[in-house]
file final_39.cif (mmCIF, C-alpha atoms)
data_start
#
loop_
_atom_site.label_atom_id
_atom_site.label_comp_id
_atom_site.auth_asym_id
_atom_site.auth_seq_id
_atom_site.Cartn_x
_atom_site.Cartn_y
_atom_site.Cartn_z
CA MET A 51 21.54 0.46 -2.83
CA ASN A 52 20.66 3.22 -5.24
CA GLY A 53 19.90 2.51 -8.91
CA ALA A 54 20.42 -0.66 -10.94
CA PRO A 55 23.62 -2.49 -11.87
CA ILE A 56 24.62 -0.85 -15.17
CA ASP A 57 26.54 -3.90 -16.39
CA VAL A 58 23.34 -5.96 -16.20
CA LEU A 59 21.30 -3.31 -18.03
CA GLY A 60 23.93 -3.36 -20.80
CA GLN A 61 23.10 -7.03 -21.44
CA VAL A 62 19.37 -6.41 -21.93
CA PRO A 63 18.69 -6.60 -25.71
CA LEU A 64 16.23 -3.69 -25.49
CA PHE A 65 19.05 -1.50 -24.15
CA GLY A 66 21.71 -2.99 -26.47
CA GLU A 67 22.31 0.23 -28.43
CA LEU A 68 22.60 2.57 -25.42
CA ASP A 69 25.96 4.02 -24.34
CA ALA A 70 27.25 4.11 -20.76
CA ALA A 71 25.81 7.55 -19.94
CA GLU A 72 22.38 6.58 -21.27
CA LEU A 73 22.43 3.33 -19.29
CA ALA A 74 23.42 5.29 -16.18
CA ARG A 75 20.49 7.67 -16.71
CA ILE A 76 18.09 4.73 -16.85
CA ALA A 77 19.78 2.96 -13.93
CA SER A 78 19.33 6.05 -11.75
CA VAL A 79 15.53 5.70 -11.57
CA PHE A 80 15.52 2.06 -10.44
CA LYS A 81 14.29 1.26 -6.94
CA GLU A 82 14.92 -1.83 -4.86
CA ARG A 83 12.13 -4.25 -4.07
CA ARG A 84 12.27 -7.25 -1.74
CA PHE A 85 10.29 -10.49 -1.77
CA SER A 86 10.32 -13.38 0.68
CA ALA A 87 10.79 -16.95 -0.54
CA GLY A 88 7.53 -18.27 -2.00
CA GLU A 89 6.01 -14.90 -2.83
CA THR A 90 4.74 -14.21 -6.34
CA VAL A 91 6.68 -11.40 -8.01
CA ILE A 92 4.64 -11.17 -11.22
CA GLN A 93 1.61 -13.14 -12.36
CA GLN A 94 1.04 -14.45 -15.90
CA GLY A 95 -1.92 -12.67 -17.47
CA SER A 96 -1.73 -9.63 -15.18
CA GLY A 97 -1.07 -6.13 -16.50
CA ALA A 98 2.64 -5.32 -16.37
CA ALA A 99 4.02 -2.37 -14.44
CA ALA A 100 7.76 -2.79 -14.18
CA PHE A 101 11.03 -4.29 -15.39
CA PHE A 102 13.24 -6.03 -12.81
CA VAL A 103 16.88 -7.04 -12.44
CA ILE A 104 17.73 -9.71 -9.86
CA VAL A 105 20.33 -8.30 -7.46
CA SER A 106 20.45 -11.31 -5.16
CA GLY A 107 18.52 -14.55 -4.69
CA GLU A 108 16.79 -16.91 -7.09
CA ALA A 109 13.43 -16.83 -8.85
CA THR A 110 11.39 -19.50 -10.60
CA VAL A 111 9.71 -18.82 -13.94
CA LEU A 112 6.40 -20.63 -14.54
CA ILE A 113 4.39 -20.66 -17.76
CA ASP A 114 0.83 -22.00 -17.53
CA GLY A 115 1.72 -23.28 -14.06
CA VAL A 116 4.66 -25.36 -15.29
CA GLU A 117 8.17 -24.61 -14.02
CA HIS A 118 10.22 -23.31 -16.90
CA ARG A 119 13.57 -22.29 -15.42
CA THR A 120 15.35 -20.68 -12.46
CA MET A 121 16.76 -17.16 -12.66
CA HIS A 122 19.75 -15.93 -10.65
CA ALA A 123 21.47 -12.67 -9.72
CA GLY A 124 22.27 -10.66 -12.83
CA GLU A 125 19.26 -11.95 -14.78
CA TYR A 126 16.25 -9.79 -15.57
CA PHE A 127 12.60 -9.98 -16.65
CA GLY A 128 9.69 -7.84 -17.80
CA GLU A 129 11.54 -5.33 -20.01
CA MET A 130 8.71 -5.13 -22.57
CA ALA A 131 6.47 -3.73 -19.79
CA LEU A 132 8.46 -0.52 -20.11
CA ILE A 133 7.13 0.10 -23.60
CA ASP A 134 3.46 -0.90 -23.52
CA ALA A 135 2.53 -1.93 -19.94
CA GLY A 136 1.10 -5.02 -21.64
CA VAL A 137 0.27 -8.44 -20.22
CA ARG A 138 2.75 -10.65 -18.32
CA THR A 139 3.59 -13.77 -20.34
CA ALA A 140 4.92 -15.76 -17.36
CA THR A 141 4.66 -16.01 -13.59
CA VAL A 142 7.81 -15.36 -11.55
CA LYS A 143 8.04 -16.56 -7.95
CA ALA A 144 10.76 -15.94 -5.39
CA ALA A 145 12.56 -19.29 -4.90
CA THR A 146 14.64 -17.71 -2.10
CA ASP A 147 14.51 -14.32 -0.41
CA LEU A 148 14.87 -12.02 -3.37
CA LEU A 149 16.30 -8.53 -3.82
CA LEU A 150 15.31 -6.89 -7.10
CA SER A 151 15.99 -3.55 -8.66
CA GLY A 152 13.05 -2.34 -10.74
CA VAL A 153 11.78 0.54 -12.82
CA THR A 154 8.17 1.23 -13.69
CA PHE A 155 6.61 2.15 -16.99
CA TRP A 156 5.89 5.63 -15.59
CA ASP A 157 9.45 6.35 -14.51
CA PHE A 158 10.96 5.00 -17.74
CA ARG A 159 8.70 6.81 -20.19
CA PRO A 160 9.73 10.41 -19.30
CA ILE A 161 13.40 9.50 -19.87
CA VAL A 162 12.58 8.40 -23.41
CA GLU A 163 10.29 11.36 -24.04
CA GLU A 164 12.98 13.80 -22.90
CA ASN A 165 15.80 12.12 -24.78
CA GLY A 166 15.27 11.49 -28.49
CA ALA A 167 18.62 9.70 -28.84
CA ILE A 168 17.57 7.06 -26.29
CA GLY A 169 14.19 6.69 -27.99
CA TRP A 170 15.80 6.19 -31.39
CA LYS A 171 18.22 3.56 -30.05
CA LEU A 172 15.35 1.70 -28.36
CA MET A 173 13.54 1.60 -31.70
CA GLN A 174 16.65 0.19 -33.34
CA SER A 175 16.86 -2.49 -30.67
CA LEU A 176 13.19 -3.34 -31.03
CA ILE A 177 13.63 -3.79 -34.81
CA GLU A 178 16.62 -6.01 -34.14
CA ILE A 179 14.59 -8.11 -31.68
CA TYR A 180 11.70 -8.28 -34.17
CA ARG A 181 14.00 -9.42 -37.03
CA SER A 182 15.63 -12.00 -34.82
CA GLU A 183 12.25 -13.38 -33.68
CA ARG A 184 11.02 -13.50 -37.30
CA GLU A 185 14.08 -15.44 -38.41
CA GLN A 186 13.48 -18.01 -35.65
CA HIS A 187 9.91 -18.72 -36.81
CA MET B 101 6.20 24.18 1.25
CA SER B 102 7.28 21.29 3.48
CA GLN B 103 6.78 17.82 2.14
CA VAL B 104 6.94 16.25 5.62
CA VAL B 105 4.54 17.63 8.23
CA PRO B 106 2.85 16.63 11.48
CA LEU B 107 -0.49 15.06 10.61
CA ILE B 108 -2.37 18.06 12.03
CA ASP B 109 -0.70 20.27 9.40
CA ALA B 110 -1.63 18.08 6.39
CA HIS B 111 -3.89 20.34 4.31
CA GLU B 112 -3.15 19.70 0.61
CA THR B 113 -4.71 16.55 -0.84
CA ALA B 114 -2.60 16.93 -3.99
CA LEU B 115 0.54 16.58 -1.84
CA PHE B 116 -0.38 14.24 0.98
CA GLY B 117 -3.40 12.27 -0.26
CA SER B 118 -6.91 12.20 1.13
CA LYS B 119 -6.20 9.82 4.01
CA ALA B 120 -3.58 12.14 5.50
CA VAL B 121 -5.64 15.28 4.92
CA ASP B 122 -8.78 13.69 6.38
CA LEU B 123 -6.87 12.61 9.50
CA GLY B 124 -5.31 16.08 9.73
CA GLN B 125 -8.77 17.61 9.53
CA ALA B 126 -9.96 15.20 12.22
CA LEU B 127 -7.15 16.36 14.53
CA ARG B 128 -7.91 20.01 13.77
CA ASP B 129 -11.54 19.29 14.74
CA GLY B 130 -10.52 17.68 18.00
CA LEU B 131 -11.22 14.07 17.03
CA PRO B 132 -9.14 11.40 18.82
CA VAL B 133 -6.56 10.43 16.18
CA PRO B 134 -3.23 8.81 17.19
CA PRO B 135 -0.28 11.17 16.60
CA GLY B 136 1.49 10.92 13.27
CA VAL B 137 3.34 12.45 10.35
CA ALA B 138 2.23 12.97 6.74
CA LEU B 139 4.74 12.38 3.93
CA ALA B 140 4.15 13.83 0.47
CA GLY B 141 4.39 11.57 -2.58
CA ASP B 142 7.70 13.06 -3.75
CA VAL B 143 9.33 12.30 -0.40
CA VAL B 144 8.13 8.70 -0.41
CA ASP B 145 9.37 8.38 -3.98
CA ALA B 146 12.79 9.73 -2.94
CA VAL B 147 13.02 7.46 0.12
CA ALA B 148 12.09 4.44 -2.02
CA GLY B 149 14.97 5.52 -4.30
CA ARG B 150 17.25 5.67 -1.23
CA ASP B 151 17.83 9.42 -1.41
CA GLU B 152 19.83 10.22 1.72
CA ALA B 153 18.48 13.75 2.28
CA ALA B 154 14.89 12.47 2.11
CA ILE B 155 15.70 9.60 4.48
CA ARG B 156 17.21 12.07 6.97
CA GLU B 157 14.19 14.37 6.75
CA VAL B 158 11.77 11.50 7.41
CA ALA B 159 13.88 10.13 10.28
CA GLN B 160 13.87 13.55 11.97
CA ALA B 161 10.12 13.96 11.53
CA VAL B 162 9.21 10.59 13.04
CA ALA B 163 11.70 10.85 15.94
CA SER B 164 8.99 12.31 18.17
CA LEU B 165 6.65 9.34 17.59
CA ARG B 166 7.15 6.91 20.45
CA GLY B 167 6.94 3.15 20.06
CA PRO B 168 6.05 0.99 17.08
CA LEU B 169 4.58 2.64 13.99
CA ALA B 170 1.82 2.04 11.47
CA VAL B 171 2.76 2.98 7.89
CA ARG B 172 -0.28 3.52 5.69
CA SER B 173 -0.58 4.50 2.04
CA SER B 174 -2.26 7.84 1.37
CA ALA B 175 -1.96 7.86 -2.42
CA VAL B 176 -3.35 11.00 -3.94
CA ASP B 177 -6.21 9.39 -5.88
CA GLU B 178 -6.72 6.17 -3.90
CA ASP B 179 -10.07 7.10 -2.39
CA GLY B 180 -11.57 8.83 -5.41
CA ALA B 181 -15.35 8.61 -5.61
CA ASP B 182 -15.25 6.16 -8.51
CA ALA B 183 -12.26 4.06 -7.56
CA SER B 184 -11.11 2.12 -4.53
CA PHE B 185 -7.58 0.81 -4.19
CA ALA B 186 -8.41 -1.02 -0.97
CA GLY B 187 -6.32 -4.17 -0.74
CA GLN B 188 -3.76 -2.98 -3.29
CA HIS B 189 -2.14 -0.05 -1.55
CA MET B 190 -0.35 -1.45 1.42
CA THR B 191 -0.41 -0.83 5.17
CA LEU B 192 2.47 -2.05 7.31
CA LEU B 193 2.04 -2.41 11.06
CA ASN B 194 4.48 -2.57 13.95
CA VAL B 195 7.35 -0.96 12.06
CA ARG B 196 10.32 -0.43 14.37
CA GLY B 197 13.50 1.54 13.72
CA SER B 198 14.62 3.71 10.82
CA GLU B 199 15.83 0.90 8.53
CA GLU B 200 12.47 -0.86 8.86
CA LEU B 201 10.69 2.41 8.19
CA ILE B 202 12.65 2.94 4.96
CA SER B 203 11.80 -0.61 3.84
CA ALA B 204 8.15 -0.05 4.75
CA LEU B 205 7.98 3.16 2.72
CA SER B 206 9.56 1.34 -0.21
CA GLU B 207 7.00 -1.46 0.07
CA VAL B 208 4.12 1.01 0.17
CA TRP B 209 5.55 2.78 -2.90
CA TRP B 210 5.78 -0.51 -4.78
CA SER B 211 2.29 -1.56 -3.71
CA ALA B 212 0.93 1.46 -5.60
CA ASN B 213 3.17 0.62 -8.57
CA SER B 214 2.50 -3.13 -8.60
CA ASP B 215 1.10 -5.07 -11.53
CA SER B 216 -2.28 -5.39 -9.82
CA ALA B 217 -2.47 -1.66 -9.04
CA ILE B 218 -1.53 -0.84 -12.66
CA THR B 219 -4.13 -3.26 -14.00
CA TYR B 220 -6.75 -1.68 -11.76
CA ARG B 221 -5.72 1.80 -12.89
CA GLN B 222 -6.09 0.78 -16.53
CA ARG B 223 -9.53 -0.67 -15.81
CA VAL B 224 -10.89 2.41 -14.06
CA GLY B 225 -9.29 4.97 -16.42
CA LEU B 226 -6.71 6.26 -13.89
CA PHE B 227 -3.66 5.32 -15.95
CA VAL B 228 -1.33 7.95 -14.51
CA ARG B 229 1.78 7.72 -12.38
CA PRO B 230 0.60 7.36 -8.77
CA SER B 231 1.70 9.93 -6.20
CA VAL B 232 2.13 7.82 -3.09
CA GLY B 233 1.69 9.89 0.03
CA VAL B 234 2.06 8.05 3.34
CA VAL B 235 0.77 8.44 6.88
CA VAL B 236 3.16 7.29 9.62
CA GLN B 237 1.37 6.97 12.97
CA VAL B 238 1.97 5.58 16.41
CA LEU B 239 0.62 2.02 16.39
CA LEU B 240 -1.93 1.36 19.11
CA ASP B 241 -2.11 -1.88 21.07
CA PRO B 242 -5.91 -2.11 21.10
CA GLU B 243 -8.14 -4.27 23.25
CA THR B 244 -10.81 -4.03 20.54
CA ALA B 245 -10.93 -2.59 17.05
CA GLY B 246 -13.01 -2.67 13.89
CA VAL B 247 -14.98 -0.72 11.35
CA MET B 248 -18.17 1.32 11.50
CA PHE B 249 -20.55 2.67 8.87
CA THR B 250 -22.39 5.77 10.01
CA GLN B 251 -25.32 4.70 7.80
CA ASN B 252 -26.28 1.13 7.01
CA PRO B 253 -24.43 0.53 3.70
CA VAL B 254 -26.77 -2.28 2.64
CA SER B 255 -30.26 -1.13 3.62
CA GLY B 256 -29.53 2.61 3.67
CA GLU B 257 -31.23 2.81 7.11
CA ASP B 258 -30.14 5.72 9.29
CA GLU B 259 -28.31 3.56 11.82
CA ARG B 260 -24.71 2.73 12.71
CA VAL B 261 -23.38 -0.63 11.63
CA ILE B 262 -20.39 -1.64 13.75
CA GLU B 263 -18.09 -4.62 13.28
CA ALA B 264 -15.66 -5.39 16.08
CA THR B 265 -12.98 -7.86 16.98
CA LEU B 266 -10.31 -8.35 19.64
CA GLY B 267 -6.82 -6.98 18.99
CA LEU B 268 -5.89 -5.05 15.83
CA GLY B 269 -8.66 -4.33 13.35
CA GLU B 270 -6.66 -5.87 10.51
CA ALA B 271 -8.26 -9.21 11.48
CA VAL B 272 -11.56 -7.76 10.18
CA VAL B 273 -10.06 -6.05 7.13
CA ALA B 274 -8.20 -9.24 6.16
CA GLY B 275 -11.26 -11.45 6.74
CA LEU B 276 -9.50 -13.61 9.36
CA VAL B 277 -12.47 -13.52 11.73
CA ILE B 278 -16.21 -13.20 11.60
CA PRO B 279 -16.47 -10.01 13.67
CA ASP B 280 -19.17 -9.22 16.19
CA SER B 281 -21.79 -7.10 14.48
CA PHE B 282 -23.92 -4.39 16.05
CA ARG B 283 -26.62 -2.06 14.80
CA VAL B 284 -27.09 1.11 16.83
CA ALA B 285 -29.79 3.75 16.27
CA ARG B 286 -28.76 7.37 16.03
CA SER B 287 -30.51 7.80 19.43
CA GLY B 288 -28.05 5.33 20.94
CA GLU B 289 -30.49 2.42 21.25
CA VAL B 290 -28.74 -0.88 20.47
CA LEU B 291 -30.92 -2.50 17.79
CA GLU B 292 -28.99 -5.72 17.28
CA ARG B 293 -26.00 -7.59 18.71
CA ARG B 294 -24.77 -10.50 16.65
CA PRO B 295 -21.76 -12.36 18.05
CA GLY B 296 -19.19 -13.40 15.46
CA ARG B 297 -16.53 -16.08 15.55
CA LYS B 298 -13.30 -14.46 16.64
CA SER B 299 -10.94 -17.40 16.77
CA VAL B 300 -7.80 -15.24 16.40
CA ALA B 301 -6.62 -11.75 17.34
CA ILE B 302 -3.88 -9.91 15.43
CA ARG B 303 -1.19 -8.69 17.84
CA SER B 304 2.14 -6.92 17.47
CA LEU B 305 5.37 -8.88 17.82
CA PRO B 306 8.12 -7.41 20.01
CA ASP B 307 10.63 -7.33 17.11
CA GLY B 308 8.26 -5.99 14.46
CA GLY B 309 5.46 -7.40 12.34
CA THR B 310 2.29 -9.02 13.61
CA PHE B 311 0.96 -12.49 14.36
CA ALA B 312 -2.42 -14.16 14.74
CA GLU B 313 -2.95 -15.19 18.37
CA GLU B 314 -5.36 -18.07 18.98
CA LEU B 315 -8.11 -16.89 21.33
CA ALA B 316 -9.49 -18.78 24.31
CA ALA B 317 -12.73 -20.64 23.55
CA GLU B 318 -14.84 -18.42 25.81
CA LEU B 319 -13.81 -15.30 23.87
CA VAL B 320 -14.65 -16.61 20.42
CA GLU B 321 -18.38 -15.84 20.54
CA ARG B 322 -18.56 -13.41 23.47
CA PRO B 323 -19.45 -9.89 22.21
CA CYS B 324 -16.38 -7.70 22.58
CA LEU B 325 -18.17 -4.36 22.99
CA GLU B 326 -20.23 -3.18 25.99
CA ASP B 327 -23.10 -0.66 25.81
CA GLN B 328 -20.82 2.12 27.05
CA GLN B 329 -18.38 1.50 24.20
CA LEU B 330 -21.22 1.32 21.65
CA ALA B 331 -22.41 4.70 22.95
CA ALA B 332 -18.92 6.13 22.50
CA LEU B 333 -18.80 4.75 18.93
CA ASN B 334 -22.21 6.26 18.19
CA ALA B 335 -20.95 9.62 19.46
CA LEU B 336 -17.81 9.29 17.31
CA ALA B 337 -19.98 8.53 14.25
CA GLY B 338 -21.97 11.70 14.94
CA ARG B 339 -18.82 13.84 15.27
CA CYS B 340 -17.37 12.36 12.07
CA GLU B 341 -20.57 13.19 10.19
CA GLU B 342 -20.43 16.76 11.54
CA VAL B 343 -16.86 17.13 10.32
CA TYR B 344 -16.91 15.17 7.03
CA GLY B 345 -20.56 14.81 6.04
CA PRO B 346 -22.93 11.81 5.98
CA ALA B 347 -22.31 8.14 5.09
CA ARG B 348 -18.80 7.58 6.43
CA ASP B 349 -16.74 4.39 6.60
CA ILE B 350 -14.71 4.53 9.82
CA GLU B 351 -11.86 2.43 11.18
CA TRP B 352 -11.54 2.69 14.96
CA ALA B 353 -9.72 1.14 17.91
CA ILE B 354 -10.07 1.14 21.69
CA ALA B 355 -6.70 1.15 23.46
CA GLY B 356 -6.19 1.67 27.18
CA GLY B 357 -9.91 2.32 27.46
CA THR B 358 -9.78 5.26 25.00
CA LEU B 359 -11.58 5.26 21.65
CA TYR B 360 -9.45 6.35 18.67
CA LEU B 361 -10.31 7.20 15.08
CA LEU B 362 -7.90 5.49 12.65
CA GLN B 363 -9.52 6.39 9.34
CA CYS B 364 -12.70 8.04 8.07
CA ARG B 365 -13.65 8.03 4.41
CA ALA B 366 -16.70 8.26 2.22
CA VAL B 367 -18.43 4.94 1.66
CA THR B 368 -17.18 3.64 -1.70
CA ARG B 369 -20.00 2.99 -4.13
CA ALA B 370 -20.90 -0.69 -4.52
CA GLY B 371 -19.40 -2.30 -7.61
CA THR B 372 -16.36 -0.04 -7.88
#

call {"tool": "encode", "arguments": {"input": "final_39.cif", "output": "structure tokens"}}
result
Amino acid sequence: MNGAPIDVLGQVPLFGELDAAELARIASVFKERRFSAGETVIQQGSGAAAFFVIVSGEATVLIDGVEHRTMHAGEYFGEMALIDAGVRTATVKAATDLLLSGVTFWDFRPIVEENGAIGWKLMQSLIEIYRSEREQH
Amino acid sequence: MSQVVPLIDAHETALFGSKAVDLGQALRDGLPVPPGVALAGDVVDAVAGRDEAAIREVAQAVASLRGPLAVRSSAVDEDGADASFAGQHMTLLNVRGSEELISALSEVWWSANSDSAITYRQRVGLFVRPSVGVVVQVLLDPETAGVMFTQNPVSGEDERVIEATLGLGEAVVAGLVIPDSFRVARSGEVLERRPGRKSVAIRSLPDGGTFAEELAAELVERPCLEDQQLAALNALAGRCEEVYGPARDIEWAIAGGTLYLLQCRAVTRAGT
């Protein structure tokens, strides 16, 4: 496998404004990562390095140690790590053997820095996410 | 300049990382290092991204290495004087076949790009994209292995401190055993022998990976190094200090009766 599934990236709100070519550019720097059932993929409270799409398998999301939901192929997590490498807000564990496709903060940032159009569209998406969150609270 | 070279030709730390260059230097100085190949960070990055040309280049380079392999991170800044990535950057043992090697290189790449590695980088002010060089070496099947400090890291005394266990040294690194401990004077005099509790030995599995073998009761507390082997380790410590300078942290193994150097680095300062 090389790159990430573009159709899944198109569903990520952060990438909602990007066109097919821009999504393909981002997809091209993804790398696959495997976990065995039971392994911790990301840990709540840890610094965040990467955004992941589930290619196959299932993962459990835990918040404060409590099971929150199960994620399946085509779902994704950690996209905000691409912007600020901030802190993980949940733990994700492999419920089965898990194949992910991921991109790190360091590989994503140069794409944005080199391409103002992508950067602008990401800002638009972030404002949209912010407005939507504000309306919910 | 080639990005994939026999270990003996690894010269540039900025390309191959300090582990590869140190082992290359050891080979150039005639130290007993198992044969291997150094991969530059860009090549490992490309293999982790499943670039076919990079995969072919690596497969050709390792074709001459017989038997199972050890795949060790040699990230460019992982052994900096003020930072230690020990335990974060991964080593994979008993890797067999090209598909397993590709997976292993991918795992090593991700280990340097993991959340914990990133968090550590933020903490120590190394928040830059890691360049993940890798050393691929023939994996030994050692009778005994362990670590050695060429100077006592606690007291600062001018004596060798040797920790040893049966099987692969990863049992010591991973804390699975209490290793036998020895102190040896520079003159070769054995100052102390303290048996550990070696209830398991890490061994290679025929199909790849490793397992912890339960050891017979009589082996658990019997010292696993004889005077002759301690003398050989003392001599190796002396040669490493000649080549690299004082206060070295050495990983070693004895396989088929021969002592090998697996790694030699500066002792990392306490608290970093």

call {"tool": "closest_atom_pairs", "arguments": {"input": "final_39.cif", "of": "chain B", "to": "chain A", "cutoff": "8 Å", "atoms": "all atoms listed in the file", "output": "tab-separated table"}}
result
residue	atom	partner	partner_atom	distance
B:Ala148	CA	A:Lys81	CA	6.3
B:Gly149	CA	A:Lys81	CA	5.1
B:Arg150	CA	A:Asn52	CA	5.8
B:Asp151	CA	A:Asn52	CA	7.8
B:Ser206	CA	A:Arg83	CA	7.3
B:Glu207	CA	A:Arg83	CA	7.2
B:Trp210	CA	A:Arg83	CA	7.4
B:Asn213	CA	A:Ala99	CA	6.6
B:Ser214	CA	A:Ala99	CA	6.1
B:Asp215	CA	A:Ala99	CA	4.9
B:Ser216	CA	A:Gly97	CA	6.8
B:Ile218	CA	A:Ala99	CA	6.0
B:Thr219	CA	A:Gly97	CA	4.9
B:Val228	CA	A:Trp156	CA	7.7
B:Arg229	CA	A:Trp156	CA	5.6

call {"tool": "atom_distance", "arguments": {"input": "final_39.cif", "atom1": "atom CA of A:Glu163", "atom2": "atom CA of A:Asp69"}}
result
17.3 Å

call {"tool": "closest_residue", "arguments": {"input": "final_39.cif", "among": "B:Val143, B:Val272, B:Leu239, B:Leu333", "to": "B:Val284", "atoms": "all atoms listed in the file"}}
result
B:Leu333

call {"tool": "resolve_selection", "arguments": {"input": "final_39.cif", "expression": "the PyMOL selection byres ((chain A and resi 56-68) around 7)", "output": "PDB file with C-alpha atoms, in the frame of the given file"}}
result
ATOM      1  CA  ALA A  54      20.420  -0.660 -10.940  1.00  0.00           C
ATOM      2  CA  PRO A  55      23.620  -2.490 -11.870  1.00  0.00           C
ATOM      3  CA  ASP A  69      25.960   4.020 -24.340  1.00  0.00           C
ATOM      4  CA  ALA A  70      27.250   4.110 -20.760  1.00  0.00           C
ATOM      5  CA  GLU A  72      22.380   6.580 -21.270  1.00  0.00           C
ATOM      6  CA  LEU A  73      22.430   3.330 -19.290  1.00  0.00           C
ATOM      7  CA  ALA A  74      23.420   5.290 -16.180  1.00  0.00           C
ATOM      8  CA  ALA A  77      19.780   2.960 -13.930  1.00  0.00           C
ATOM      9  CA  GLY A 124      22.270 -10.660 -12.830  1.00  0.00           C
ATOM     10  CA  ILE A 168      17.570   7.060 -26.290  1.00  0.00           C
ATOM     11  CA  LYS A 171      18.220   3.560 -30.050  1.00  0.00           C
ATOM     12  CA  LEU A 172      15.350   1.700 -28.360  1.00  0.00           C
ATOM     13  CA  SER A 175      16.860  -2.490 -30.670  1.00  0.00           C
ATOM     14  CA  LEU A 176      13.190  -3.340 -31.030  1.00  0.00           C
TER      15      LEU A 176
END

call {"tool": "resolve_selection", "arguments": {"input": "final_39.cif", "expression": "the PyMOL selection byres ((chain B and resi 308) around 12)", "output": "ChimeraX atom specification"}}
result
/B:167-170,192-197,199-201,204,239,303-307,309-311

call {"tool": "residues_around", "arguments": {"input": "final_39.cif", "residues": "stretch 246-248 of chain B", "least_positions_apart": "2", "cutoff": "7 Å", "atoms": "all atoms listed in the file", "output": "count of residues only"}}
result
14

call {"tool": "atom_distance", "arguments": {"input": "final_39.cif", "atom1": "atom CA of B:Gly124", "atom2": "atom CA of B:Leu165"}}
result
15.8 Å

call {"tool": "residues_near_point", "arguments": {"input": "final_39.cif", "point": "(15.2, -16.0, -5.9)", "cutoff": "6 Å", "atoms": "only C-alpha atoms", "output": "PyMOL selection string"}}
result
chain A and resi 107-109+144-148

call {"tool": "closest_atom_pairs", "arguments": {"input": "final_39.cif", "of": "stretch 275-308 of chain B", "to": "stretch 312-327 of chain B", "cutoff": "6 Å", "atoms": "all atoms listed in the file", "output": "tab-separated table"}}
result
residue	atom	partner	partner_atom	distance
B:Pro295	CA	B:Pro323	CA	5.4
B:Gly296	CA	B:Glu321	CA	5.7
B:Arg297	CA	B:Val320	CA	5.2
B:Lys298	CA	B:Val320	CA	4.6
B:Ser299	CA	B:Val320	CA	5.3
B:Val300	CA	B:Glu314	CA	4.5
B:Ala301	CA	B:Glu313	CA	5.1
B:Ile302	CA	B:Ala312	CA	4.5

call {"tool": "axis_aligned_box", "arguments": {"input": "final_39.cif", "around": "stretch 146-164 of chain B", "padding_each_side": "4 Å", "output": "JSON"}}
result
{"center_x": 14.4, "center_y": 9.4, "center_z": 6.9, "size_x": 18.8, "size_y": 17.9, "size_z": 30.5}

call {"tool": "residues_near_point", "arguments": {"input": "final_39.cif", "point": "(-4.2, 11.7, 3.1)", "cutoff": "10 Å", "atoms": "all atoms listed in the file", "output": "VMD selection string"}}
result
chain B and resid 107 110 to 125 138 to 140 172 to 179 232 to 235 363

call {"tool": "write_last_selection", "arguments": {"input": "final_39.cif", "atoms": "C-alpha atoms", "output": "mmCIF file, keeping the file's coordinate frame"}}
result
data_model
loop_
_atom_site.group_PDB
_atom_site.id
_atom_site.type_symbol
_atom_site.label_atom_id
_atom_site.label_comp_id
_atom_site.auth_asym_id
_atom_site.auth_seq_id
_atom_site.Cartn_x
_atom_site.Cartn_y
_atom_site.Cartn_z
ATOM 1 C CA LEU B 107 -0.490 15.060 10.610
ATOM 2 C CA ALA B 110 -1.630 18.080 6.390
ATOM 3 C CA HIS B 111 -3.890 20.340 4.310
ATOM 4 C CA GLU B 112 -3.150 19.700 0.610
ATOM 5 C CA THR B 113 -4.710 16.550 -0.840
ATOM 6 C CA ALA B 114 -2.600 16.930 -3.990
ATOM 7 C CA LEU B 115 0.540 16.580 -1.840
ATOM 8 C CA PHE B 116 -0.380 14.240 0.980
ATOM 9 C CA GLY B 117 -3.400 12.270 -0.260
ATOM 10 C CA SER B 118 -6.910 12.200 1.130
ATOM 11 C CA LYS B 119 -6.200 9.820 4.010
ATOM 12 C CA ALA B 120 -3.580 12.140 5.500
ATOM 13 C CA VAL B 121 -5.640 15.280 4.920
ATOM 14 C CA ASP B 122 -8.780 13.690 6.380
ATOM 15 C CA LEU B 123 -6.870 12.610 9.500
ATOM 16 C CA GLY B 124 -5.310 16.080 9.730
ATOM 17 C CA GLN B 125 -8.770 17.610 9.530
ATOM 18 C CA ALA B 138 2.230 12.970 6.740
ATOM 19 C CA LEU B 139 4.740 12.380 3.930
ATOM 20 C CA ALA B 140 4.150 13.830 0.470
ATOM 21 C CA ARG B 172 -0.280 3.520 5.690
ATOM 22 C CA SER B 173 -0.580 4.500 2.040
ATOM 23 C CA SER B 174 -2.260 7.840 1.370
ATOM 24 C CA ALA B 175 -1.960 7.860 -2.420
ATOM 25 C CA VAL B 176 -3.350 11.000 -3.940
ATOM 26 C CA ASP B 177 -6.210 9.390 -5.880
ATOM 27 C CA GLU B 178 -6.720 6.170 -3.900
ATOM 28 C CA ASP B 179 -10.070 7.100 -2.390
ATOM 29 C CA VAL B 232 2.130 7.820 -3.090
ATOM 30 C CA GLY B 233 1.690 9.890 0.030
ATOM 31 C CA VAL B 234 2.060 8.050 3.340
ATOM 32 C CA VAL B 235 0.770 8.440 6.880
ATOM 33 C CA GLN B 363 -9.520 6.390 9.340
#

call {"tool": "atom_distance", "arguments": {"input": "final_39.cif", "atom1": "atom CA of B:Asp258", "atom2": "atom CA of B:Val290"}}
result
13.1 Å

call {"tool": "closest_residue", "arguments": {"input": "final_39.cif", "among": "A:Val116, A:Val105, A:Ala87, A:Ala167", "to": "A:Thr141", "atoms": "all atoms listed in the file"}}
result
A:Val116

call {"tool": "closest_residue", "arguments": {"input": "final_39.cif", "among": "B:Gly141, B:Gly136, B:Ala347, B:Tyr360", "to": "B:Pro242", "atoms": "only C-alpha atoms"}}
result
B:Tyr360
